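Colleague: One structure follows; several queries about it will come next.
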Amino acid sequence: MASLSRVDQLTNSLYELQASTADIEASVIVSVDGLMIASALPSDATEDRVAAMSAAMLSLGERIATELGRGTLEQVYVKGDQGYVILMGVGEEAVLTVLARGRAKLGLVFLEMGRAVERLTRLL
């Protein structure tokens, strides 16, 4: 059996993350310049749009944290009436973006995302 490509390994890690808690509906890994690396999005999501917005949010979050003296950025999250968008850096060159349900247990989502970031960092 042939070994999986790096993209396949990253995608599998995203599906493992989503399987870790029912509160995570979708996830992607994008480069800091907004290019899609791996995706586990629903079919109605536009990958390019999600990638560009994720990179922009991470960049803005990092700038805000630095300029307002909050230290190194750990995560960015946006709460809407339909749920959450949560971003965490993966090394220096990528970001993990997760879409979580509105009733999500955020502590568990953050824990599972942190574990996924460790795995993803090794793969990148």
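Note on naming: chains are A, B, ... as they come in the structure tokens, residues start from 1 per chain, ligands start from 1 in the order shown.
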Write out as a PyMOL selection string all residues of stretch 18-106 of chain A that backbone DSSP assigns to strand (DSSP E or B).
Modeller: chain A and resi 24-31+36-40+76-80+83-90+94-101
Colleague: Skipping near chain neighbours, those fewer than 6 positions away, what residues fall within 8 Å of stretch 37-52 of chain A using only C-alpha atoms, listed as a ChimeraX atom specification?
Modeller: /A:7-8,10-11,14-15,26-31
Colleague: So, counting only C-alpha atoms, which residue among A:Ser20, A:Ser54, A:Thr121, A:Gln82 is closest to A:Val32?
Modeller: A:Ser54
Colleague: Apply DSSP to the backbone of this structure and, from stretch 2-101 of chain A, keep only the residues in helix (DSSP H, G or I); write these as a ChimeraX atom specification.
Modeller: /A:6-20,47-67
Colleague: Suppose we keep C-alpha atoms; can you now write the selection as an mmCIF file, in the first residue's frame?
Modeller:
data_model
loop_
_atom_site.group_PDB
_atom_site.id
_atom_site.type_symbol
_atom_site.label_atom_id
_atom_site.label_comp_id
_atom_site.auth_asym_id
_atom_site.auth_seq_id
_atom_site.Cartn_x
_atom_site.Cartn_y
_atom_site.Cartn_z
ATOM 1 C CA ARG A 6 1.197 15.088 2.955
ATOM 2 C CA VAL A 7 -2.123 16.710 1.945
ATOM 3 C CA ASP A 8 -3.945 13.415 2.570
ATOM 4 C CA GLN A 9 -2.307 13.129 5.996
ATOM 5 C CA LEU A 10 -3.313 16.706 6.844
ATOM 6 C CA THR A 11 -6.875 16.098 5.631
ATOM 7 C CA ASN A 12 -7.084 12.911 7.685
ATOM 8 C CA SER A 13 -5.948 14.900 10.737
ATOM 9 C CA LEU A 14 -8.792 17.349 10.122
ATOM 10 C CA TYR A 15 -11.328 14.532 9.991
ATOM 11 C CA GLU A 16 -9.842 13.087 13.217
ATOM 12 C CA LEU A 17 -10.279 16.500 14.839
ATOM 13 C CA GLN A 18 -13.911 16.630 13.756
ATOM 14 C CA ALA A 19 -14.480 13.100 15.029
ATOM 15 C CA SER A 20 -13.052 14.061 18.446
ATOM 16 C CA GLU A 47 -12.680 27.085 0.101
ATOM 17 C CA ASP A 48 -10.997 30.158 -1.367
ATOM 18 C CA ARG A 49 -13.172 32.523 0.649
ATOM 19 C CA VAL A 50 -12.614 30.591 3.888
ATOM 20 C CA ALA A 51 -8.856 30.515 3.245
ATOM 21 C CA ALA A 52 -8.591 34.237 2.541
ATOM 22 C CA MET A 53 -10.723 35.231 5.546
ATOM 23 C CA SER A 54 -8.802 32.885 7.856
ATOM 24 C CA ALA A 55 -5.453 34.355 6.877
ATOM 25 C CA ALA A 56 -6.794 37.893 7.259
ATOM 26 C CA MET A 57 -8.263 37.183 10.708
ATOM 27 C CA LEU A 58 -5.055 35.567 11.950
ATOM 28 C CA SER A 59 -2.979 38.483 10.702
ATOM 29 C CA LEU A 60 -5.305 41.030 12.293
ATOM 30 C CA GLY A 61 -5.435 39.069 15.554
ATOM 31 C CA GLU A 62 -1.639 38.923 15.722
ATOM 32 C CA ARG A 63 -1.388 42.660 15.104
ATOM 33 C CA ILE A 64 -4.003 43.494 17.729
ATOM 34 C CA ALA A 65 -2.368 41.241 20.341
ATOM 35 C CA THR A 66 1.047 42.783 19.701
ATOM 36 C CA GLU A 67 0.019 46.426 19.412
#
Colleague: Considering only C-alpha atoms, return as a PyMOL selection string whatever protein or nucleic-acid residues lie within 9 Å of A:Met113, sequence-local ones (same chain, fewer than 6 positions apart) excluded.
Modeller: chain A and resi 17+88+96+98
Colleague: With N, CA and C atoms kept, could you save the residues just selected as an mmCIF file, in the first residue's frame?
Modeller:
data_model
loop_
_atom_site.group_PDB
_atom_site.id
_atom_site.type_symbol
_atom_site.label_atom_id
_atom_site.label_comp_id
_atom_site.auth_asym_id
_atom_site.auth_seq_id
_atom_site.Cartn_x
_atom_site.Cartn_y
_atom_site.Cartn_z
ATOM 1 N N LEU A 17 -9.888 15.395 13.965
ATOM 2 C CA LEU A 17 -10.279 16.500 14.839
ATOM 3 C C LEU A 17 -11.797 16.598 14.913
ATOM 4 N N MET A 88 -6.426 29.026 15.186
ATOM 5 C CA MET A 88 -5.180 28.833 15.935
ATOM 6 C C MET A 88 -4.045 28.706 14.941
ATOM 7 N N LEU A 96 -5.077 26.919 11.565
ATOM 8 C CA LEU A 96 -6.172 25.953 11.640
ATOM 9 C C LEU A 96 -7.432 26.740 11.940
ATOM 10 N N VAL A 98 -11.587 26.358 12.536
ATOM 11 C CA VAL A 98 -12.632 25.398 12.883
ATOM 12 C C VAL A 98 -13.970 26.121 12.939
#
Colleague: So, with only C-alpha atoms as the atoms that count, which of A:Met36, A:Lys79, A:Leu73, A:Leu108 lies closest to A:Glu92?
Modeller: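 Looking only at the distances to A:Glu92, the closest residue turns out to be A:Leu73.
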Colleague: Return the single residue from A:Leu68, A:Gly34, A:Asp23, A:Gly114 that is closest to A:Val90, with distances computed using only C-alpha atoms.
Modeller: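 Looking at the shortest contact to A:Val90, the residue is A:Gly114.
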Colleague: Do you have the atom CA of A:Leu4-atom CA of A:Thr97 distance handy?
Modeller: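 Rounded to one decimal, the two atoms are 22.6 Å apart.
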Colleague: Have a look at atom CA of A:Glu118 and atom CA of A:Gln75 and let me know their distance in Å, one decimal.
Modeller: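 Interatomic distance, atom CA of A:Glu118 to atom CA of A:Gln75: 14.3 Å.
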Colleague: For A:Val117, which residue out of A:Ile24, A:Asp33, A:Gly89, A:Tyr84 is the nearest one, using only C-alpha atoms?
Modeller: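 Going through A:Ile24, A:Asp33, A:Gly89, A:Tyr84 one by one, the smallest distance to A:Val117 is for A:Gly89.
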Colleague: How far is it from atom CA of A:Gly83 to atom CA of A:Lys105, in Å with one decimal?
Modeller: 11.1 Å
